[in-house]
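Novice: Sharing run38.cif here; it has mmCIF, C-alpha atoms and all ligand atoms.
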data_input
loop_
_atom_site.label_atom_id
_atom_site.label_comp_id
_atom_site.auth_asym_id
_atom_site.auth_seq_id
_atom_site.Cartn_x
_atom_site.Cartn_y
_atom_site.Cartn_z
CA GLY F 380 82.40 101.64 118.20
CA LYS F 381 85.30 103.77 117.04
CA LYS F 382 85.53 104.11 113.27
CA ARG F 383 88.80 102.79 111.89
CA THR F 384 90.78 104.97 109.53
CA VAL F 385 93.33 102.52 108.14
CA VAL F 386 92.53 101.07 104.72
CA ASN F 387 93.91 97.53 104.52
CA PHE F 388 94.73 96.27 101.02
CA GLY F 389 96.48 93.18 102.37
CA PRO F 390 96.32 89.86 100.49
CA GLY F 391 95.48 87.77 103.55
CA PRO F 392 94.90 87.66 106.39
CA ALA F 393 92.86 90.54 105.10
CA LYS F 394 90.29 93.10 106.11
CA ILE F 395 87.24 91.78 107.93
CA PRO F 396 84.09 93.94 107.68
CA GLU F 397 83.85 96.43 110.59
CA GLU F 398 80.27 95.30 111.27
CA VAL F 399 81.52 91.75 111.76
CA LEU F 400 84.29 92.79 114.15
CA GLN F 401 81.85 94.93 116.11
CA LYS F 402 79.38 92.07 116.44
CA ALA F 403 82.21 89.75 117.50
CA GLN F 404 83.30 92.36 120.04
CA THR F 405 79.86 92.58 121.64
CA GLU F 406 79.84 88.77 121.99
CA PHE F 407 83.49 88.35 122.84
CA LEU F 408 83.14 87.86 126.60
CA GLU F 409 79.83 86.07 126.53
CA TYR F 410 78.10 84.32 123.63
CA GLU F 411 74.30 84.35 123.82
CA HIS F 412 73.79 83.87 127.59
CA THR F 413 76.17 80.93 127.77
CA GLY F 414 78.33 82.79 130.28
CA ILE F 415 81.46 82.07 128.21
CA SER F 416 83.21 83.20 125.04
CA VAL F 417 83.12 81.10 121.87
CA LEU F 418 86.88 80.80 122.40
CA GLU F 419 86.23 78.82 125.57
CA MET F 420 83.38 76.68 124.28
CA SER F 421 83.44 72.91 123.90
CA HIS F 422 83.31 71.92 120.28
CA ARG F 423 80.84 69.22 121.33
CA SER F 424 78.45 71.59 123.11
CA PRO F 425 74.96 72.20 121.69
CA GLU F 426 75.79 75.92 121.35
CA PHE F 427 78.81 75.26 119.18
CA ASP F 428 76.95 72.61 117.22
CA GLY F 429 74.37 75.33 116.51
CA ILE F 430 77.12 77.67 115.26
CA MET F 431 78.50 74.97 112.94
CA LYS F 432 75.09 74.07 111.53
CA GLU F 433 74.19 77.70 110.94
CA THR F 434 77.55 78.38 109.26
CA GLU F 435 77.04 75.45 106.91
CA LYS F 436 73.47 76.50 106.12
CA LEU F 437 74.54 80.07 105.33
CA LEU F 438 77.37 78.81 103.13
CA ARG F 439 75.02 76.46 101.28
CA ASP F 440 72.53 79.28 100.73
CA GLU F 441 75.02 81.93 99.65
CA MET F 442 76.98 79.59 97.34
CA SER F 443 73.93 77.60 96.13
CA ILE F 444 75.69 74.35 97.01
CA PRO F 445 73.76 71.36 95.60
CA ASN F 446 72.65 68.56 97.93
CA GLU F 447 75.04 66.02 96.47
CA PHE F 448 77.92 67.93 98.04
CA GLU F 449 79.21 67.72 101.60
CA VAL F 450 80.70 70.73 103.39
CA LEU F 451 83.73 70.07 105.61
CA PHE F 452 85.36 72.44 108.10
CA LEU F 453 89.03 71.50 108.27
CA GLN F 454 92.42 72.97 109.18
CA GLY F 455 95.79 73.05 107.44
CA GLY F 456 94.98 75.87 105.05
CA GLY F 457 94.99 75.83 101.28
CA SER F 458 98.46 74.31 101.53
CA GLY F 459 97.06 71.34 103.44
CA GLN F 460 94.61 70.82 100.59
CA PHE F 461 97.47 70.76 98.07
CA ALA F 462 98.29 67.39 99.68
CA ALA F 463 94.78 66.31 100.73
CA VAL F 464 93.37 66.53 97.20
CA PRO F 465 95.77 63.99 95.64
CA MET F 466 95.66 61.69 98.69
CA ASN F 467 91.85 61.56 98.69
CA LEU F 468 91.20 61.50 94.94
CA LYS F 469 94.05 59.43 93.52
CA PHE F 470 91.74 56.36 93.47
CA LYS F 471 89.95 57.84 90.44
CA SER F 472 92.93 57.14 88.16
CA SER F 473 94.14 53.65 87.27
CA SER F 474 97.53 55.07 86.25
CA GLY F 475 97.81 57.27 89.37
CA SER F 476 97.93 60.65 87.64
CA ALA F 477 96.15 64.00 87.74
CA ASP F 478 95.89 67.00 85.40
CA TYR F 479 97.04 70.43 86.58
CA ALA F 480 96.46 73.83 84.96
CA VAL F 481 99.32 75.99 86.21
CA THR F 482 98.32 79.64 85.81
CA GLY F 483 100.23 81.19 88.69
CA SER F 484 102.32 80.59 91.76
CA TRP F 485 99.58 78.92 93.86
CA SER F 486 98.64 76.31 91.26
CA ALA F 487 102.37 75.77 90.68
CA LYS F 488 102.79 75.05 94.39
CA ALA F 489 99.80 72.74 94.37
CA ALA F 490 101.25 70.78 91.44
CA ASP F 491 104.62 70.47 93.18
CA GLU F 492 103.00 69.16 96.35
CA ALA F 493 100.84 66.71 94.40
CA LYS F 494 103.97 65.19 92.81
CA ARG F 495 104.71 63.56 96.16
CA TYR F 496 101.59 61.44 95.77
CA LEU F 497 100.87 60.96 92.07
CA ASP F 498 102.05 61.73 88.55
CA VAL F 499 101.29 65.31 87.63
CA ASN F 500 100.39 66.06 84.02
CA LYS F 501 100.49 69.79 83.29
CA VAL F 502 97.76 70.39 80.72
CA PHE F 503 99.81 73.18 79.14
CA THR F 504 103.32 74.54 79.56
CA PRO F 505 103.07 77.18 82.28
CA MET F 506 103.93 80.65 81.00
CA LYS F 507 106.22 82.79 83.04
CA PRO F 508 105.56 85.45 84.06
CA TYR F 509 102.01 84.30 84.75
CA THR F 510 99.89 86.73 82.78
CA LYS F 511 97.56 84.68 80.63
CA ILE F 512 95.43 81.54 80.59
CA PRO F 513 96.05 79.54 77.39
CA GLU F 514 93.10 78.95 75.05
CA LYS F 515 91.07 75.92 76.04
CA SER F 516 91.89 74.31 72.66
CA GLN F 517 95.54 74.11 73.78
CA TRP F 518 94.84 72.19 76.98
CA LYS F 519 95.96 68.55 76.76
CA PHE F 520 93.71 66.49 78.99
CA ASN F 521 94.39 62.96 80.11
CA ALA F 522 91.39 60.57 79.96
CA ASP F 523 92.62 58.64 82.99
CA ALA F 524 93.32 61.67 85.22
CA ALA F 525 92.07 61.38 88.80
CA TYR F 526 90.92 65.02 88.49
CA VAL F 527 91.65 68.30 86.71
CA TYR F 528 93.01 70.96 89.08
CA TYR F 529 92.99 74.74 88.68
CA CYS F 530 93.25 77.84 90.87
CA ALA F 531 90.24 80.09 90.22
CA ASN F 532 92.11 83.22 91.30
CA GLU F 533 95.89 83.47 91.53
CA THR F 534 96.40 85.75 94.51
CA VAL F 535 100.02 86.60 93.74
CA ASP F 536 99.78 87.08 89.99
CA GLY F 537 96.28 88.54 89.67
CA VAL F 538 95.10 85.95 87.13
CA GLU F 539 91.44 84.95 87.52
CA PHE F 540 89.28 82.49 85.59
CA GLN F 541 86.09 84.22 84.44
CA GLN F 542 84.45 80.78 84.03
CA PRO F 543 85.46 77.31 85.18
CA PRO F 544 87.40 75.54 82.41
CA GLU F 545 85.44 73.23 80.11
CA LEU F 546 86.67 69.67 80.39
CA LYS F 547 87.12 67.14 77.62
CA TYR F 548 86.45 64.05 79.75
CA HIS F 549 83.31 64.57 81.76
CA ASN F 550 83.85 61.67 84.15
CA VAL F 551 87.01 63.39 85.44
CA PRO F 552 86.14 65.66 88.39
CA LEU F 553 87.17 69.30 88.32
CA VAL F 554 88.93 70.62 91.44
CA ALA F 555 89.23 74.34 92.20
CA ASP F 556 91.22 76.35 94.72
CA ILE F 557 88.91 79.28 95.44
CA SER F 558 90.82 80.60 98.46
CA SER F 559 91.05 84.17 97.21
CA ASN F 560 87.78 84.65 95.34
CA ILE F 561 85.22 82.60 97.25
CA LEU F 562 81.90 84.47 97.34
CA SER F 563 83.28 87.43 95.40
CA ARG F 564 81.39 86.40 92.25
CA PRO F 565 78.77 83.83 91.26
CA PHE F 566 80.47 80.43 91.05
CA ASP F 567 79.00 77.15 89.82
CA VAL F 568 79.93 74.56 92.45
CA ALA F 569 77.98 71.91 90.50
CA LYS F 570 80.55 72.00 87.68
CA HIS F 571 83.15 70.71 90.14
CA GLY F 572 83.90 67.55 92.08
CA LEU F 573 85.64 69.48 94.84
CA VAL F 574 86.41 73.07 95.77
CA PHE F 575 88.32 74.40 98.76
CA ALA F 576 89.23 77.71 100.37
CA GLY F 577 91.03 79.03 103.41
CA THR F 578 88.85 81.66 105.08
CA GLN F 579 91.50 84.30 105.79
CA LYS F 580 90.81 86.43 102.70
CA ASN F 581 87.12 86.69 101.90
CA LEU F 582 85.47 84.78 104.71
CA GLY F 583 86.95 85.67 108.08
CA ALA F 584 90.06 84.69 109.97
CA ALA F 585 92.92 82.27 109.39
CA GLY F 586 92.57 78.75 110.79
CA LEU F 587 89.54 77.39 108.96
CA THR F 588 89.70 75.61 105.62
CA ILE F 589 86.42 74.89 103.87
CA VAL F 590 86.14 71.86 101.57
CA ILE F 591 83.03 71.30 99.44
CA VAL F 592 83.14 67.81 97.98
CA ARG F 593 80.77 65.64 95.95
CA LYS F 594 79.58 62.66 98.00
CA ASP F 595 80.72 60.02 95.51
CA LEU F 596 84.35 61.14 95.96
CA LEU F 597 84.38 60.29 99.67
CA GLY F 598 85.67 57.09 101.21
CA HIS F 599 88.50 56.12 98.86
CA ALA F 600 91.49 57.95 100.31
CA GLU F 601 94.93 56.35 100.06
CA SER F 602 95.65 54.36 103.23
CA TYR F 603 98.54 56.63 104.25
CA THR F 604 96.26 59.72 104.35
CA PRO F 605 96.45 61.43 107.77
CA SER F 606 93.01 61.26 109.37
CA VAL F 607 92.85 65.04 109.78
CA LEU F 608 93.13 65.37 105.98
CA ASN F 609 90.85 62.43 105.18
CA TYR F 610 87.56 63.82 103.86
CA HIS F 611 85.54 60.74 104.74
CA GLU F 612 86.85 60.55 108.33
CA ASN F 613 86.00 64.19 108.85
CA HIS F 614 82.60 63.89 107.23
CA LYS F 615 81.68 60.87 109.38
CA MET F 616 82.48 62.95 112.46
CA ASN F 617 80.57 66.06 111.23
CA SER F 618 83.85 68.00 111.02
CA VAL F 619 84.64 67.40 114.70
CA TYR F 620 87.04 64.49 114.18
CA ASN F 621 89.35 66.59 116.30
CA THR F 622 89.08 70.04 117.88
CA PRO F 623 88.06 72.44 115.11
CA PRO F 624 89.08 76.13 115.00
CA VAL F 625 85.98 77.18 116.93
CA TYR F 626 86.52 80.93 116.83
CA SER F 627 87.39 80.99 113.12
CA ILE F 628 84.20 79.07 112.35
CA TYR F 629 82.20 81.56 114.42
CA LEU F 630 83.79 84.50 112.55
CA THR F 631 82.98 82.88 109.21
CA LYS F 632 79.36 82.60 110.33
CA LEU F 633 79.33 86.34 111.03
CA VAL F 634 80.94 87.12 107.64
CA LEU F 635 78.35 84.94 105.87
CA GLU F 636 75.55 86.83 107.64
CA TRP F 637 77.17 90.06 106.47
CA ILE F 638 77.33 88.74 102.88
CA ARG F 639 73.65 87.76 103.05
CA ASP F 640 72.70 91.18 104.42
CA LYS F 641 74.70 92.93 101.66
CA GLY F 642 72.47 91.25 99.07
CA GLY F 643 74.52 88.11 98.51
CA VAL F 644 77.07 87.18 95.93
CA HIS F 645 75.39 88.89 92.97
CA ALA F 646 75.38 92.26 94.72
CA LEU F 647 78.98 91.76 95.86
CA TYR F 648 80.04 90.85 92.33
CA GLU F 649 78.64 94.13 90.96
CA ARG F 650 80.44 96.01 93.72
CA ASN F 651 83.68 94.10 93.12
CA LYS F 652 83.62 94.83 89.37
CA ASN F 653 83.13 98.51 90.07
CA LYS F 654 85.97 98.49 92.58
CA SER F 655 88.50 96.76 90.35
CA ALA F 656 87.52 99.04 87.43
CA LEU F 657 88.45 102.07 89.57
CA ILE F 658 92.03 100.77 89.71
CA TYR F 659 92.36 99.21 86.25
CA ASP F 660 91.01 102.39 84.63
CA VAL F 661 93.74 104.50 86.22
CA VAL F 662 96.37 101.95 85.14
CA ASP F 663 95.08 101.79 81.57
CA ASP F 664 94.72 105.58 81.23
CA SER F 665 98.23 106.26 82.55
CA GLN F 666 100.10 105.92 79.22
CA GLY F 667 102.45 103.39 80.71
CA PHE F 668 103.18 105.13 84.00
CA TYR F 669 101.33 102.28 85.67
CA TYR F 670 101.55 98.83 84.12
CA CYS F 671 99.53 95.69 84.81
CA PRO F 672 100.99 92.71 82.94
CA VAL F 673 97.86 90.52 83.14
CA ASP F 674 95.90 89.90 79.94
CA LEU F 675 92.54 91.69 79.81
CA SER F 676 90.75 88.34 79.49
CA CYS F 677 91.81 87.11 82.93
CA ARG F 678 92.41 90.13 85.12
CA SER F 679 91.42 89.51 88.72
CA ASN F 680 88.75 91.47 90.55
CA MET F 681 90.35 90.57 93.85
CA ASN F 682 94.13 91.08 93.52
CA ILE F 683 95.56 93.72 91.20
CA PRO F 684 99.32 93.63 90.67
CA PHE F 685 100.89 96.61 88.91
CA ARG F 686 104.18 98.37 88.40
CA VAL F 687 104.92 102.08 88.81
CA GLY F 688 107.17 103.94 86.36
CA GLY F 689 107.00 101.61 83.36
CA ARG F 690 106.76 97.92 82.45
CA ASP F 691 109.61 96.80 84.68
CA GLY F 692 108.79 99.22 87.46
CA ASN F 693 111.02 101.90 88.92
CA SER F 694 112.00 100.71 92.39
CA ASP F 695 112.54 104.24 93.64
CA LEU F 696 109.07 105.33 92.52
CA GLU F 697 107.49 102.16 93.86
CA LYS F 698 109.03 102.79 97.27
CA LYS F 699 107.75 106.37 97.20
CA PHE F 700 104.32 105.11 96.13
CA ILE F 701 104.08 102.76 99.09
CA GLN F 702 105.42 105.33 101.57
CA GLY F 703 103.01 108.00 100.30
CA ALA F 704 100.10 105.56 100.59
CA GLU F 705 101.07 104.70 104.16
CA LYS F 706 101.10 108.40 105.07
CA LEU F 707 97.47 108.41 103.97
CA ASP F 708 96.71 105.30 106.06
CA MET F 709 96.59 102.89 103.12
CA ILE F 710 98.59 99.78 104.04
CA SER F 711 99.84 96.44 102.72
CA LEU F 712 100.20 97.49 99.08
CA LYS F 713 103.61 95.92 98.51
CA GLY F 714 103.57 93.31 95.74
CA HIS F 715 104.50 89.71 96.45
CA ARG F 716 108.29 89.29 96.63
CA SER F 717 108.20 86.98 93.58
CA VAL F 718 106.68 89.61 91.27
CA GLY F 719 107.60 92.91 92.95
CA GLY F 720 105.82 96.21 92.43
CA ILE F 721 102.44 96.92 93.95
CA ARG F 722 99.47 94.69 94.66
CA ALA F 723 96.07 95.98 95.72
CA SER F 724 93.82 93.29 97.18
CA LEU F 725 90.17 94.29 96.97
CA TYR F 726 88.35 91.54 98.83
CA ASN F 727 84.65 91.81 99.66
CA ALA F 728 85.28 93.73 102.88
CA VAL F 729 87.12 96.58 101.09
CA SER F 730 84.53 99.25 100.28
CA GLU F 731 84.08 101.27 97.10
CA GLU F 732 84.93 104.39 99.08
CA GLU F 733 88.21 102.85 100.25
CA THR F 734 89.04 101.75 96.71
CA ARG F 735 88.28 105.24 95.41
CA LYS F 736 90.75 106.64 97.93
CA LEU F 737 93.46 104.48 96.34
CA SER F 738 92.51 105.37 92.77
CA GLU F 739 92.53 109.11 93.60
CA TYR F 740 95.93 108.69 95.22
CA MET F 741 97.22 106.90 92.10
CA LYS F 742 96.08 109.81 89.91
CA GLU F 743 97.72 112.39 92.15
CA PHE F 744 100.93 110.38 92.40
CA MET F 745 101.08 110.22 88.61
CA VAL F 746 100.59 113.98 88.23
CA THR F 747 103.49 114.54 90.64
CA PHE F 748 105.95 111.96 89.29
CA LYS F 749 105.19 111.31 85.62
CA THR F 750 107.92 112.80 83.47
N1 LIG A 801 95.71 79.16 97.48
C1 LIG A 801 95.61 80.47 97.26
C2 LIG A 801 94.91 80.94 96.02
C3 LIG A 801 96.16 81.38 98.16
O1 LIG A 801 96.07 82.69 97.94
C4 LIG A 801 96.81 80.90 99.32
C5 LIG A 801 97.39 81.81 100.32
O2 LIG A 801 97.60 82.97 100.16
C6 LIG A 801 96.92 79.52 99.48
C7 LIG A 801 96.33 78.68 98.57
C8 LIG A 801 97.64 78.95 100.66
O3 LIG A 801 96.81 79.07 101.75
P1 LIG A 801 97.32 78.80 103.24
O4 LIG A 801 98.26 79.86 103.58
O5 LIG A 801 96.00 78.88 103.98
O6 LIG A 801 97.90 77.44 103.28
#
Would you write out, as structure tokens, the structure that this file holds?
Specialist:
Amino acid sequence: GKKRTVVNFGPGPAKIPEEVLQKAQTEFLEYEHTGISVLEMSHRSPEFDGIMKETEKLLRDEMSIPNEFEVLFLQGGGSGQFAAVPMNLKFKSSSGSADYAVTGSWSAKAADEAKRYLDVNKVFTPMKPYTKIPEKSQWKFNADAAYVYYCANETVDGVEFQQPPELKYHNVPLVADISSNILSRPFDVAKHGLVFAGTQKNLGAAGLTIVIVRKDLLGHAESYTPSVLNYHENHKMNSVYNTPPVYSIYLTKLVLEWIRDKGGVHALYERNKNKSALIYDVVDDSQGFYYCPVDLSCRSNMNIPFRVGGRDGNSDLEKKFIQGAEKLDMISLKGHRSVGGIRASLYNAVSEEETRKLSEYMKEFMVTFKT
């Protein structure tokens, strides 16, 4: 196939590995002698059942998911899970409350959505701007919480947990949103009761939401829970309660095969650390020309927000930075509207070579514009 020249630093939907797109292209019209495309395939056909089973097996292998967990393929995105989590897990709390660690805009959104269904206890006062995770000794846990919720990687703010938080009450399940760092680093599913991720950043296309949930948490959803968001209903029907996003599941299977062939999550983690260091090093060596507000202890390997021209950013320089990058075929570097500046998203599919192109550009831009 034709080699693409655009480097996509978008936060999601994000770059999908070329090898995956090429494989999908060769199978686009006809999947394995079925005479039809996966797009046209019944979700109850043996061929699609095979795709689902293989996708789950690959995910279990690559994430080392223990047997006491079920894997669900749902829809509704991470945002759907902001509601599904409280509706399905509220039963765990006699007072109807849950603990939330708000470390960025996505966990803040999750906490706001959860308030519709239960009492939200923020385990610490969120700091704004979101640049730091408070010391564990400052977290105020609630013994009767249905669960403790956190976002493993804040896509907008670039704040990432290096380890899952240690809980005070071990009967309270830990819930993680891993939408933007799934399979980018080793991650201990067993420390959690439930984790979820949309696949549009590190695992394929938009449309599929993966939920990994401990078996004992199934079957107690609030009665008002929509069936499509009810974990138990979906599990009983092997994730075909209703028509699943067949093509997105197929693409995730291809991405998981790619991850396996790259050496798995440990190899990707090494690569991801090297990639993010290429950018952070330029920022930290720039004597304030570039500025990343995130504390060193929780800087993300996946999403790097930074300003150009000082701590508060110089909007003229930032515009020039983005335009200059686009001239060199590097796209989607604009920071989220809530934080401004620049954001480089370095998901698994972004190569070291592509990241080096950005870091070289940053050095040259600084030589030209630093006063
Ligand atoms: N959680 C995180 C960490 C995200 O980055 C996003 C989207 O960017 C979401 C949740 C929301 O996901 P969705 O758009 O699939 O609802």
Novice: What are the closest atom pairs, with distances in Å to one decimal, for each residue of range 497-616 of chain F lying within 9 Å of range 389-393 of chain F, using all atoms listed in the file, rows by chain and rising residue number, as JSON lines?
Specialist:
{"residue": "F:Thr534", "atom": "CA", "partner": "F:Pro390", "partner_atom": "CA", "distance": 7.3}
{"residue": "F:Val535", "atom": "CA", "partner": "F:Pro390", "partner_atom": "CA", "distance": 8.4}
{"residue": "F:Ser559", "atom": "CA", "partner": "F:Pro390", "partner_atom": "CA", "distance": 8.4}
{"residue": "F:Thr578", "atom": "CA", "partner": "F:Pro392", "partner_atom": "CA", "distance": 8.6}
{"residue": "F:Gln579", "atom": "CA", "partner": "F:Pro392", "partner_atom": "CA", "distance": 4.8}
{"residue": "F:Lys580", "atom": "CA", "partner": "F:Gly391", "partner_atom": "CA", "distance": 4.9}
{"residue": "F:Asn581", "atom": "CA", "partner": "F:Ala393", "partner_atom": "CA", "distance": 7.6}
{"residue": "F:Gly583", "atom": "CA", "partner": "F:Ala393", "partner_atom": "CA", "distance": 8.2}
{"residue": "F:Ala584", "atom": "CA", "partner": "F:Pro392", "partner_atom": "CA", "distance": 6.7}
{"residue": "F:Ala585", "atom": "CA", "partner": "F:Pro392", "partner_atom": "CA", "distance": 6.5}
Novice: Measuring between only C-alpha atoms, which one of F:Ala493, F:Ile701, F:Ala487, F:Ala646 shows the shortest distance to Tyr740 in chain F?
Specialist: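 Of all the options, F:Ile701 lies closest to Tyr740 in chain F.
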Novice: I'd like to know which of F:Phe388, F:Phe470, F:Phe407, F:Tyr603 is closest to Ile683 in chain F, using all atoms listed in the file.
Specialist: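 Of the candidates, the smallest distance to Ile683 in chain F is held by F:Phe388.
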Novice: Check the smallest atom-to-atom distance from each of F:Ala728, F:Val399, F:Asn387, F:Asp663 to Ala704 in chain F using all atoms listed in the file, then report the winner.
Specialist: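 Among the listed residues, F:Asn387 lies closest to Ala704 in chain F.
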Novice: For ligand LIG 801 (chain A), return the neighbouring residues as a VMD selection string (distance at most 6 Å; all atoms listed in the file).
Specialist: chain F and resid 456 to 458 485 532 to 534 556 558 to 559 577
Novice: Determine the nearest neighbour of Gly483 in chain F from the options F:Lys382, F:Cys677, F:Leu597, F:Leu553, counting all atoms listed in the file.
Specialist: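 Closest to Gly483 in chain F, using all atoms listed in the file: F:Cys677.
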Novice: Around (85.8, 82.8, 111.4) in the file's own coordinates, what residues are found within 9 Å if you use all atoms listed in the file, given back as a list in words?
Specialist: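 It turns out the residues near that spot are Thr578, Gln579, Leu582, Gly583, Ala584, Ala585, Gly586, Leu587, Pro624, Val625, Tyr626, Ser627, Ile628, Tyr629, Leu630, Thr631, Lys632, Leu633 and Val634 of chain F.
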Novice: F:His571, F:Lys494, F:Arg678, F:His422: which is nearest Ala555 in chain F, counting all atoms listed in the file?
Specialist: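 When distances to Ala555 in chain F are compared using all atoms listed in the file, the smallest one comes from F:His571.
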Novice: Mind listing as number ranges by chain all residues within 12 Å of (105.8, 101.5, 92.1), counting all atoms listed in the file?
Specialist: F: 662, 668-671, 684-704, 712-714, 718-723, 741, 744-745, 748-749
Novice: Take the residues just selected and output them with C-alpha atoms as a short mmCIF file (atom, residue, chain, number, x, y, z; two decimals), in the coordinates of the input.
Specialist:
data_model
loop_
_atom_site.label_atom_id
_atom_site.label_comp_id
_atom_site.auth_asym_id
_atom_site.auth_seq_id
_atom_site.Cartn_x
_atom_site.Cartn_y
_atom_site.Cartn_z
CA VAL F 662 96.37 101.95 85.14
CA PHE F 668 103.18 105.13 84.00
CA TYR F 669 101.33 102.28 85.67
CA TYR F 670 101.55 98.83 84.12
CA CYS F 671 99.53 95.69 84.81
CA PRO F 684 99.32 93.63 90.67
CA PHE F 685 100.89 96.61 88.91
CA ARG F 686 104.18 98.37 88.40
CA VAL F 687 104.92 102.08 88.81
CA GLY F 688 107.17 103.94 86.36
CA GLY F 689 107.00 101.61 83.36
CA ARG F 690 106.76 97.92 82.45
CA ASP F 691 109.61 96.80 84.68
CA GLY F 692 108.79 99.22 87.46
CA ASN F 693 111.02 101.90 88.92
CA SER F 694 112.00 100.71 92.39
CA ASP F 695 112.54 104.24 93.64
CA LEU F 696 109.07 105.33 92.52
CA GLU F 697 107.49 102.16 93.86
CA LYS F 698 109.03 102.79 97.27
CA LYS F 699 107.75 106.37 97.20
CA PHE F 700 104.32 105.11 96.13
CA ILE F 701 104.08 102.76 99.09
CA GLN F 702 105.42 105.33 101.57
CA GLY F 703 103.01 108.00 100.30
CA ALA F 704 100.10 105.56 100.59
CA LEU F 712 100.20 97.49 99.08
CA LYS F 713 103.61 95.92 98.51
CA GLY F 714 103.57 93.31 95.74
CA VAL F 718 106.68 89.61 91.27
CA GLY F 719 107.60 92.91 92.95
CA GLY F 720 105.82 96.21 92.43
CA ILE F 721 102.44 96.92 93.95
CA ARG F 722 99.47 94.69 94.66
CA ALA F 723 96.07 95.98 95.72
CA MET F 741 97.22 106.90 92.10
CA PHE F 744 100.93 110.38 92.40
CA MET F 745 101.08 110.22 88.61
CA PHE F 748 105.95 111.96 89.29
CA LYS F 749 105.19 111.31 85.62
#
Novice: Considering only C-alpha atoms, state which residue in the set F:Asn467, F:Thr413, F:Ser618, F:Gln541 is at the smallest distance from Pro605 in chain F.
Specialist: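 Ranking F:Asn467, F:Thr413, F:Ser618, F:Gln541 by distance to Pro605 in chain F, first place goes to F:Asn467.
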Novice: Find the residues around Trp518 in chain F up to 7 Å (all atoms listed in the file counted), leave out those fewer than 3 positions away in its own chain, and share them as a list of chain:residue names.
Specialist: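 Here the qualifying residues turn out to be F:Val502, F:Phe503, F:Lys515.
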Novice: Expressed in Å to a single decimal, how great is the separation between CA of Ser724 in chain F and CA of Asn680 in chain F?
Specialist: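 Those two atoms sit 8.5 Å apart.
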Novice: Have a look at CA of Ile415 in chain F and CA of Lys432 in chain F and let me know their distance in Å, one decimal.
Specialist: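 It comes out at 19.6 Å.
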Novice: Any idea what's packed within 12 Å of Tyr528 in chain F, counting all atoms listed in the file, ignoring anything in its chain fewer than 6 positions away? Could you give it as number ranges by chain?
Specialist: F: 460-461, 464-465, 468, 476-482, 485-490, 493, 499-502, 520, 543-546, 551-557, 571-575
Novice: Would you mind reading off the distance between CA of Met709 in chain F and CA of Ala531 in chain F, one decimal, in Å?
Specialist: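 About the pair CA of Met709 in chain F and CA of Ala531 in chain F: they are 27.0 Å apart.
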Novice: With all atoms listed in the file as the counted atoms, please give the residues lying no more than 12 Å from Asn653 in chain F, apart from itself and same-chain residues fewer than 5 positions off, as a ChimeraX atom specification.
Specialist: /F:646-648,658-660,680-681,725,727,729-732,734-735,738
